[in-house]
Amino acid sequence: MKKIPIVILSLLFILGCKALQSDKQELNSDDQPSDIKVPVYAWLGGPGSDTDQEIKEYFMDLKEKGIIGLMYNGGHDPETYKRVGGIAKEAGLEFHTWIPTMLQRDNPKLKPEWYAINGKGESAFDKPAYVDYYKFLCPNRQEVYDFLANLYGGIADLPVVDGIHLDYIRFPDVILAEGLWEKYGLVMNREYPEYDYCYCDLCVNGFKEKSGIDIKSVNDPSQVQEWKQYRYGLITSIVNRLAVMVHGKGKEINAAVFPGPNSIAKKIVRQEWDKWNLDAFYPMNYNDFYLKGTKWIGEVSKEGVSALNNRKPLYSGLFICPRPDKKTDEPDPENHGLIPEEIEDAVRESMVNGATGICLFTPGRMTKEHWEAFAIAIRKEYKETNK
């Protein structure tokens, strides 16, 4: 047997080391592992009593599972986001602060008269719709914008924050998703005044000045398209004003929105979100809430991508069933969601219909079987069919 010259052995050794180093760098990169094809974000709340080490271990586990960024809800205190955001960065995750916008519970910084008024003249502050926490502000007030700009601006100033993630950036549901009707003992086949907002003097007078219509004198305001458009515009205006402020700080701004926008979001929560100047959109494509299957997730993803005209990325929000084996016996639809067998279909329907990626609600609801199906689904190549 011939001996291999020492110079060749040395060369092979060097090349092998470089290849190993390259592989290691790829594994340690902040980017997705090379075999993952679907960008995945996740809605997540905390930190509760968790230690820094516990948070870091959890974040690193999510990163290894394929999550690239968090929409993280930690209240209003910038110090919380500074702490948790730093840990997210150590784990190689994007960090977006997930903070409700129009929905604000009792706060000494907010006056009762700043809250929205329904068609019966009742305030969301002391007589909220559906549930006690449904206290929505009126988007037409300068004081409300100032409060939100101060809140989001202070958090956007943090170096560890990649973006501001808006939620509840809307009016209360004038019509609930059909899957929730039984839970609340309602049949919402039309708009009812007790769930229709906002009829405060500022909104009513502003609309009259713009349109010449006194909406309080109209027998059925739900038939006045100009009144709907006026309120779409109120939400759009406050979103775009916040976007200017956040962008001015060099940060991204995105939002969780209802599906659509035309089929659902505009109709039930007054979100005309294709007019919003955001960096990304996260429609909550929670199919069980609408008594639909996974194919519907593809339909509304396609609708959203088309409405945006591919100007900005859309991440399809997927609602996970926390106890798949109990789903059929679970009376509360908010404990329904995708079972493991539906994960791949939900991801496929989103991606082939133009979504840039997906967003999980929430990792904590994922079972071992969910993660196994998820690991397969996000490593597949999906060809968009709606170009």
# chains A, B, ... in the order shown; residues from 1 in each chain; ligands from 1
>>> residues_around(residues="A:Gly46", least_positions_apart="6", cutoff="10 Å", atoms="only C-alpha atoms", output="ChimeraX atom specification")
/A:55,72-75,80,84
>>> write_last_selection(atoms="N, CA and C atoms", output="mmCIF file, in the first residue's frame")
data_model
loop_
_atom_site.group_PDB
_atom_site.id
_atom_site.type_symbol
_atom_site.label_atom_id
_atom_site.label_comp_id
_atom_site.auth_asym_id
_atom_site.auth_seq_id
_atom_site.Cartn_x
_atom_site.Cartn_y
_atom_site.Cartn_z
ATOM 1 N N ILE A 55 -36.175 31.220 31.250
ATOM 2 C CA ILE A 55 -36.619 31.872 30.014
ATOM 3 C C ILE A 55 -35.668 31.532 28.871
ATOM 4 N N TYR A 72 -44.110 39.031 21.776
ATOM 5 C CA TYR A 72 -44.069 38.785 23.217
ATOM 6 C C TYR A 72 -44.876 39.813 23.986
ATOM 7 N N ASN A 73 -45.833 39.312 24.800
ATOM 8 C CA ASN A 73 -46.672 40.171 25.619
ATOM 9 C C ASN A 73 -46.187 40.144 27.064
ATOM 10 N N GLY A 74 -45.741 41.296 27.551
ATOM 11 C CA GLY A 74 -45.249 41.379 28.926
ATOM 12 C C GLY A 74 -45.742 42.606 29.650
ATOM 13 N N GLY A 75 -46.901 43.134 29.256
ATOM 14 C CA GLY A 75 -47.439 44.303 29.921
ATOM 15 C C GLY A 75 -46.936 45.609 29.332
ATOM 16 N N THR A 80 -39.449 45.189 31.583
ATOM 17 C CA THR A 80 -39.742 43.773 31.305
ATOM 18 C C THR A 80 -39.242 43.395 29.918
ATOM 19 N N VAL A 84 -36.409 40.598 28.989
ATOM 20 C CA VAL A 84 -36.758 39.419 28.193
ATOM 21 C C VAL A 84 -36.204 39.518 26.780
#
>>> residues_around(residues="A:Tyr290", least_positions_apart="2", cutoff="9 Å", atoms="only C-alpha atoms", output="NGL selection string")
:A and (177-180 or 286-288 or 292-293)
>>> closest_residue(among="A:Ala355, A:Ile99, A:Glu344, A:Gly185", to="A:Ile378", atoms="only C-alpha atoms")
A:Glu344
>>> residues_around(residues="stretch 127-136 of chain A", least_positions_apart="2", cutoff="7 Å", atoms="only C-alpha atoms", output="PyMOL selection string")
chain A and resi 102-105+115-116+122-125+138+171-172+195
>>> residues_around(residues="A:Asp201", least_positions_apart="4", cutoff="12 Å", atoms="only C-alpha atoms", output="ChimeraX atom specification")
/A:113-119,121,138,140-141,197,205-209,214-216
>>> write_last_selection(atoms="C-alpha atoms", output="PDB file, in the first residue's frame")
ATOM      1  CA  GLU A 113     -64.594  59.487  28.747  1.00  0.00           C
ATOM      2  CA  TRP A 114     -61.894  58.265  26.357  1.00  0.00           C
ATOM      3  CA  TYR A 115     -63.602  54.885  25.949  1.00  0.00           C
ATOM      4  CA  ALA A 116     -65.872  53.980  23.033  1.00  0.00           C
ATOM      5  CA  ILE A 117     -69.666  54.321  23.176  1.00  0.00           C
ATOM      6  CA  ASN A 118     -72.067  51.812  21.629  1.00  0.00           C
ATOM      7  CA  GLY A 119     -75.235  52.425  19.657  1.00  0.00           C
ATOM      8  CA  GLY A 121     -75.198  55.122  24.409  1.00  0.00           C
ATOM      9  CA  CYS A 138     -62.170  55.477  21.016  1.00  0.00           C
ATOM     10  CA  ASN A 140     -60.832  59.227  17.278  1.00  0.00           C
ATOM     11  CA  ARG A 141     -59.334  60.977  20.310  1.00  0.00           C
ATOM     12  CA  TYR A 197     -69.152  51.279  18.278  1.00  0.00           C
ATOM     13  CA  ASN A 205     -70.237  64.967  15.004  1.00  0.00           C
ATOM     14  CA  GLY A 206     -67.133  64.204  12.956  1.00  0.00           C
ATOM     15  CA  PHE A 207     -69.132  61.931  10.672  1.00  0.00           C
ATOM     16  CA  LYS A 208     -71.925  64.487  10.295  1.00  0.00           C
ATOM     17  CA  GLU A 209     -69.417  67.186   9.368  1.00  0.00           C
ATOM     18  CA  ASP A 214     -76.688  62.536  11.506  1.00  0.00           C
ATOM     19  CA  ILE A 215     -76.150  58.861  12.213  1.00  0.00           C
ATOM     20  CA  LYS A 216     -78.220  59.006  15.408  1.00  0.00           C
TER      21      LYS A 216
END
>>> closest_residue(among="A:Lys295, A:Asp279, A:Met284, A:Asp274", to="A:Asn309", atoms="only C-alpha atoms")
A:Asp274
>>> atom_distance(atom1="atom CA of A:Asp325", atom2="atom CA of A:Phe374")
17.6 Å
